[in-house]
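Source file query_8.txt; content: compact mmCIF, C-alpha atoms and all ligand atoms.
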# COMPACT_ATOMS: atom_id res chain seq x y z
CA MET J 1 120.84 127.01 204.55
CA LYS J 2 122.11 125.06 201.53
CA PRO J 3 120.70 121.53 201.42
CA ALA J 4 123.11 118.59 201.41
CA PHE J 5 123.31 116.45 198.28
CA GLN J 6 122.24 113.58 200.53
CA LYS J 7 122.28 113.14 204.29
CA ASP J 8 121.41 110.87 207.22
CA ASP J 9 119.66 107.64 206.10
CA ALA J 10 120.29 108.29 202.38
CA LEU J 11 124.01 108.84 202.96
CA LEU J 12 124.28 105.77 205.20
CA ALA J 13 122.50 103.69 202.54
CA ASP J 14 124.95 104.91 199.88
CA ILE J 15 127.89 103.96 202.14
CA ALA J 16 126.35 100.56 202.92
CA ARG J 17 125.83 99.87 199.17
CA ALA J 18 129.47 100.64 198.37
CA ARG J 19 130.59 98.36 201.22
CA ALA J 20 128.31 95.51 200.19
CA GLU J 21 129.48 95.72 196.58
CA GLY J 22 133.16 96.09 197.50
CA ARG J 23 133.54 99.40 195.66
CA SER J 24 136.04 102.14 196.55
CA ARG J 25 134.19 105.39 197.11
CA LEU J 26 134.81 108.82 198.64
CA TRP J 27 132.16 111.12 200.15
CA TRP J 28 132.56 114.80 201.06
CA LEU J 29 131.12 115.34 204.53
CA GLY J 30 131.60 119.13 204.53
CA GLN J 31 134.55 121.49 205.17
CA SER J 32 137.66 119.21 205.08
CA GLY J 33 135.80 116.07 206.11
CA PHE J 34 135.88 113.09 203.75
CA LEU J 35 134.93 109.46 204.23
CA LEU J 36 136.97 107.07 202.11
CA HIS J 37 135.86 103.47 201.83
CA THR J 38 138.01 100.84 200.11
CA ARG J 39 138.15 97.08 200.50
CA ALA J 40 141.39 97.58 202.44
CA GLY J 41 139.97 100.00 205.00
CA THR J 42 137.72 102.93 205.85
CA ILE J 43 139.30 106.30 206.62
CA LEU J 44 137.63 109.43 207.92
CA PHE J 45 139.66 112.54 207.14
CA ASP J 46 139.30 115.62 209.39
CA PRO J 47 135.58 115.29 210.23
CA TYR J 48 133.64 118.28 211.59
CA LEU J 49 130.10 117.07 212.18
CA SER J 50 128.76 119.30 214.93
CA ASP J 51 127.80 122.93 215.48
CA SER J 52 130.41 123.54 218.16
CA LEU J 53 132.00 126.53 216.40
CA THR J 54 128.65 128.11 215.55
CA GLN J 55 127.69 127.85 219.22
CA LYS J 56 131.09 129.03 220.50
CA TYR J 57 131.06 132.18 218.37
CA ALA J 58 127.33 132.99 218.60
CA ALA J 59 126.86 136.54 219.91
CA THR J 60 130.46 137.50 219.15
CA ASP J 61 131.79 139.72 216.36
CA LYS J 62 133.00 136.52 214.59
CA PRO J 63 129.80 134.54 214.03
CA HIS J 64 130.39 131.13 212.40
CA THR J 65 127.11 130.93 210.52
CA ARG J 66 126.64 127.50 208.94
CA VAL J 67 126.20 127.61 205.14
CA THR J 68 125.34 123.96 204.42
CA GLU J 69 123.36 121.59 206.59
CA ARG J 70 125.16 118.78 208.40
CA VAL J 71 125.19 115.49 206.48
CA ILE J 72 125.34 113.02 209.37
CA ALA J 73 125.51 112.82 213.16
CA PRO J 74 128.97 111.49 214.09
CA GLU J 75 127.60 108.66 216.27
CA ARG J 76 125.84 107.20 213.20
CA LEU J 77 129.11 106.57 211.29
CA THR J 78 130.45 103.10 212.03
CA GLY J 79 133.03 100.72 210.60
CA ILE J 80 135.77 103.36 210.65
CA ASP J 81 139.36 102.06 210.83
CA PHE J 82 141.02 105.40 211.36
CA ILE J 83 140.34 109.08 211.62
CA THR J 84 142.79 111.87 210.86
CA SER J 85 143.32 115.28 212.41
CA SER J 86 145.65 117.43 210.31
CA HIS J 87 146.00 120.16 212.98
CA ASN J 88 144.45 121.52 216.15
CA HIS J 89 141.88 123.98 214.78
CA THR J 90 138.38 122.94 215.78
CA ASP J 91 137.13 122.36 212.23
CA HIS J 92 139.86 119.64 212.08
CA LEU J 93 139.88 118.48 215.73
CA ASP J 94 136.38 118.79 217.14
CA ALA J 95 135.63 117.15 220.48
CA GLU J 96 131.88 117.19 219.76
CA THR J 97 132.56 115.18 216.60
CA LEU J 98 135.39 112.93 217.77
CA LYS J 99 134.06 111.83 221.16
CA PRO J 100 130.82 110.32 219.75
CA LEU J 101 132.80 108.88 216.81
CA PHE J 102 135.14 106.99 219.13
CA THR J 103 132.21 105.77 221.22
CA ALA J 104 130.67 104.35 218.03
CA ASN J 105 134.04 103.11 216.73
CA PRO J 106 136.07 101.95 219.75
CA GLN J 107 138.48 100.12 217.43
CA ALA J 108 139.32 103.25 215.40
CA ARG J 109 142.69 104.99 215.67
CA LEU J 110 143.27 108.74 215.53
CA ILE J 111 146.17 109.89 213.36
CA ILE J 112 147.63 113.18 214.58
CA PRO J 113 150.77 115.27 214.08
CA ARG J 114 153.31 114.19 216.70
CA ALA J 115 153.66 117.84 217.76
CA ASN J 116 149.99 117.98 218.82
CA ARG J 117 149.80 115.05 221.27
CA ALA J 118 149.43 117.08 224.50
CA PHE J 119 146.84 119.41 222.96
CA VAL J 120 144.81 116.50 221.55
CA LEU J 121 144.75 114.71 224.92
CA GLU J 122 143.68 117.90 226.66
CA ARG J 123 140.84 118.43 224.18
CA LEU J 124 139.63 114.83 223.84
CA GLY J 125 140.45 113.30 227.22
CA LYS J 126 141.74 109.78 227.81
CA ILE J 127 142.23 108.50 224.28
CA GLU J 128 145.97 107.83 224.49
CA SER J 129 145.61 104.24 223.28
CA THR J 130 143.84 105.32 220.08
CA LEU J 131 146.54 107.79 219.02
CA VAL J 132 148.94 107.21 216.15
CA GLN J 133 151.43 110.06 215.98
CA ILE J 134 153.33 110.95 212.84
CA ASP J 135 155.46 113.79 211.57
CA ALA J 136 156.20 115.18 208.13
CA GLY J 137 158.26 112.64 206.19
CA GLU J 138 157.16 109.69 208.36
CA SER J 139 154.73 106.95 207.42
CA VAL J 140 152.63 104.49 209.40
CA THR J 141 150.54 101.50 208.37
CA VAL J 142 147.15 101.12 210.03
CA ALA J 143 144.44 98.65 209.04
CA GLY J 144 145.73 98.01 205.54
CA ALA J 145 146.44 101.66 204.76
CA GLU J 146 149.76 103.46 204.68
CA LEU J 147 149.69 107.08 205.79
CA CYS J 148 152.50 109.57 205.17
CA GLY J 149 152.86 113.00 206.77
CA ILE J 150 153.26 116.01 204.46
CA PRO J 151 154.29 119.41 205.89
CA ALA J 152 151.55 122.07 205.66
CA ALA J 153 151.83 125.87 206.00
CA HIS J 154 148.89 127.35 207.95
CA ASN J 155 150.07 130.00 207.47
CA THR J 156 153.69 128.91 207.91
CA VAL J 157 155.33 125.50 208.39
CA GLU J 158 155.31 125.75 212.19
CA ARG J 159 157.35 123.36 214.33
CA ASP J 160 157.38 122.56 218.04
CA GLU J 161 160.51 122.78 220.19
CA ARG J 162 161.58 119.31 218.96
CA GLY J 163 161.17 120.30 215.33
CA HIS J 164 157.91 118.42 214.65
CA CYS J 165 155.35 120.00 212.33
CA ARG J 166 152.14 121.33 213.92
CA PHE J 167 150.28 121.31 210.58
CA LEU J 168 150.23 118.28 208.29
CA GLY J 169 148.58 116.93 205.19
CA TYR J 170 148.35 113.16 204.71
CA VAL J 171 148.97 110.90 201.75
CA ALA J 172 147.02 107.67 202.15
CA ARG J 173 147.88 104.59 200.08
CA VAL J 174 144.98 102.24 200.43
CA GLY J 175 143.22 99.71 198.22
CA GLY J 176 145.58 100.41 195.32
CA LYS J 177 144.80 104.17 195.33
CA THR J 178 146.83 107.15 196.50
CA ILE J 179 144.89 110.01 198.05
CA PHE J 180 146.33 113.30 199.27
CA HIS J 181 144.35 115.10 201.97
CA SER J 182 145.88 118.56 202.24
CA GLY J 183 144.80 119.60 205.72
CA ASP J 184 144.89 123.41 205.72
CA THR J 185 147.79 124.87 203.79
CA LEU J 186 149.19 127.64 201.70
CA MET J 187 151.76 126.90 199.01
CA HIS J 188 155.28 126.46 200.40
CA ASP J 189 158.63 125.34 199.02
CA ALA J 190 158.55 121.78 200.39
CA LEU J 191 155.02 120.93 199.25
CA ILE J 192 155.47 119.94 195.60
CA PRO J 193 158.76 118.04 196.22
CA ALA J 194 157.07 116.13 199.08
CA LEU J 195 154.04 115.18 196.98
CA LYS J 196 155.38 114.52 193.51
CA PRO J 197 156.97 111.10 194.20
CA PHE J 198 153.61 109.69 195.38
CA ARG J 199 151.90 109.96 191.97
CA VAL J 200 148.68 111.02 193.65
CA ASP J 201 145.43 109.74 192.15
CA LEU J 202 143.10 112.02 194.06
CA ALA J 203 144.13 115.38 195.58
CA LEU J 204 141.73 116.90 198.12
CA LEU J 205 142.62 120.61 198.23
CA PRO J 206 141.33 123.69 200.08
CA ILE J 207 140.10 126.62 197.98
CA ASN J 208 138.89 129.27 200.45
CA GLY J 209 142.04 131.38 200.08
CA ASN J 210 143.98 133.55 202.49
CA ARG J 211 142.20 136.76 203.43
CA PRO J 212 143.73 138.66 206.37
CA GLU J 213 140.42 140.47 207.02
CA ARG J 214 138.87 137.16 208.07
CA GLN J 215 141.33 137.00 210.99
CA VAL J 216 141.85 133.25 210.61
CA ALA J 217 144.75 131.30 209.12
CA GLY J 218 144.37 130.95 205.37
CA ASN J 219 144.47 128.36 202.65
CA LEU J 220 145.23 127.94 198.97
CA ASN J 221 142.78 129.79 196.75
CA GLY J 222 141.11 128.05 193.83
CA ARG J 223 143.75 129.02 191.30
CA GLU J 224 146.60 127.89 193.59
CA ALA J 225 144.85 124.60 194.38
CA ALA J 226 144.41 123.86 190.67
CA GLY J 227 148.08 124.76 190.09
CA LEU J 228 149.22 122.43 192.87
CA ALA J 229 147.16 119.52 191.54
CA HIS J 230 148.62 120.10 188.09
CA ALA J 231 152.19 120.43 189.39
CA ILE J 232 152.08 117.10 191.23
CA GLY J 233 150.34 115.33 188.35
CA ALA J 234 147.21 114.49 190.36
CA ARG J 235 144.81 112.42 188.27
CA VAL J 236 141.78 114.20 189.79
CA ALA J 237 141.50 117.23 192.09
CA VAL J 238 138.59 117.69 194.51
CA PRO J 239 138.06 121.08 196.22
CA HIS J 240 137.17 121.41 199.90
CA HIS J 241 137.11 123.88 202.81
CA PHE J 242 134.17 125.92 201.49
CA ASP J 243 130.40 126.14 202.02
CA LEU J 244 130.65 125.59 205.79
CA PHE J 245 131.01 129.05 207.38
CA ALA J 246 129.61 132.19 205.78
CA PHE J 247 132.59 134.36 206.79
CA ASN J 248 135.23 131.96 205.42
CA THR J 249 134.11 130.49 202.12
CA GLU J 250 134.61 130.94 198.39
CA PRO J 251 132.64 129.54 195.47
CA PRO J 252 134.52 126.82 193.52
CA ASP J 253 134.31 128.83 190.25
CA GLU J 254 137.91 130.09 190.27
CA PHE J 255 139.20 126.57 191.03
CA GLU J 256 137.13 125.07 188.22
CA ALA J 257 138.15 127.75 185.69
CA ALA J 258 141.84 127.29 186.56
CA CYS J 259 141.55 123.50 186.26
CA ARG J 260 139.97 123.85 182.80
CA GLN J 261 142.71 126.25 181.74
CA LEU J 262 145.42 123.83 182.89
CA GLY J 263 143.71 120.71 181.58
CA GLN J 264 143.60 119.44 185.17
CA PRO J 265 140.78 116.92 185.69
CA PHE J 266 138.63 117.84 188.71
CA ARG J 267 135.43 116.90 190.42
CA THR J 268 133.49 119.34 192.60
CA LEU J 269 131.31 117.52 195.10
CA HIS J 270 128.36 118.70 197.14
CA ASN J 271 128.16 117.95 200.86
CA GLY J 272 127.18 114.30 201.26
CA GLU J 273 127.93 113.44 197.63
CA GLY J 274 130.15 110.46 196.80
CA VAL J 275 132.48 109.72 193.93
CA GLU J 276 133.73 106.34 192.72
CA LEU J 277 137.50 105.86 192.76
ZN ZN R 1 140.21 124.59 208.51
Would you mind giving the structure from this file in structure tokens?
Ligand SMILES: [Zn+2]
Amino acid sequence: MKPAFQKDDALLADIARARAEGRSRLWWLGQSGFLLHTRAGTILFDPYLSDSLTQKYAATDKPHTRVTERVIAPERLTGIDFITSSHNHTDHLDAETLKPLFTANPQARLIIPRANRAFVLERLGKIESTLVQIDAGESVTVAGAELCGIPAAHNTVERDERGHCRFLGYVARVGGKTIFHSGDTLMHDALIPALKPFRVDLALLPINGNRPERQVAGNLNGREAAGLAHAIGARVAVPHHFDLFAFNTEPPDEFEAACRQLGQPFRTLHNGEGVEL
């Protein structure tokens, strides 16, 4: 298994240092999970910090073999203001991650697509009071951060019977920075127009691509992710959604080559690694 850049006590010490010194910093926790700390609030985007999928699919023809070791047990992360879930797939809405997180962070709120409320309550149990529901085009302010819903196509922009999007990305404006967390998405017509007005500083984008033979919903590939970052004028692009499951990963090489070609600044992180904002 690939070692994390840093994990457990070393990761917690890095987070504690940034907090003590009042610095804004972002850590990649693996797959689409990121911890963002700013003086205005601490956000946890789409954490998956268990082995629930590896266990669920063990001894099936779809083994979810872990590529990189886990960086932290969810119950050890504290001081979280809010947590996002971009959609209902387990690597973005994991009961084995979220239940211990909410026990350790009873004050935290869970931001979810409005369309997914019933599903989320069924999966996580009685957490109604922690939920903040938003839809594409809406924004909410929680703990000093403004979050806006961006439609995502995984693989299409799917809506419930009331017209609310089942898949979202989120733009967070917090501590003077604007961060786009893509969720899982392919390119679609509404994506660039929705993102461009935000003047995104940091775009967190999936790069594992869309391969029908994997029999799972797909994502931007590296070249498309670089193109999206460039098209919206993102100051820095950070790739994610790779190095977690052996059957559904891609190396970041194509993303990095495309960024260089476009003159798009990027930063590839390792699991557990942080970057200063
Ligand atoms: Zn995913």
So that each row is one residue of stretch 51-108 of chain J with an atom at most 7 Å from stretch 30-44 of chain J, can you give its shortest atom pair and the distance in Å to one decimal, using only C-alpha atoms, rows by chain and rising number, as a tab-separated table?
residue	atom	partner	partner_atom	distance
J:Ile80	CA	J:Thr42	CA	5.2
J:Asp81	CA	J:Thr42	CA	5.3
J:Phe82	CA	J:Ile43	CA	5.1
J:Ile83	CA	J:Leu44	CA	4.6
J:Thr84	CA	J:Leu44	CA	6.4
- Task: Write out as an MDAnalysis selection string each polymer residue (protein, DNA or RNA) that has an atom no more than 7 Å from ligand ZN 1 (chain R), with all atoms listed in the file counted.
- Result: chainID J and resid 32 89 91:92 184 241
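Atom pair atom CA of J:Thr268 / atom CA of J:Gln215: separated by 26.7 Å.
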- Item | For J:Leu195, the nearest of the candidates J:Phe266, J:Tyr48, J:Tyr170, J:Phe247, counting all atoms listed in the file | J:Tyr170
- Message: Given all atoms listed in the file as the basis, pick out the residue of J:Gln261, J:Thr130, J:Thr249, J:Gln107 nearest to J:Val216.
- Response: J:Thr249
- Please indicate the distance in Å from atom CA of J:Thr103 to atom CA of J:Ser129, rounded to one decimal place. 13.6 Å
- Of the listed residues J:Trp28, J:Pro212, J:Leu121, J:Pro151, that which approaches J:Ala190 most closely, counting all atoms listed in the file: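 Nearest candidate to J:Ala190 out of J:Trp28, J:Pro212, J:Leu121, J:Pro151: J:Pro151.
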- With only C-alpha atoms as the atoms that count, which of J:Arg235, J:Lys196, J:Lys7, J:Arg114 lies nearest to J:Arg76? J:Lys7
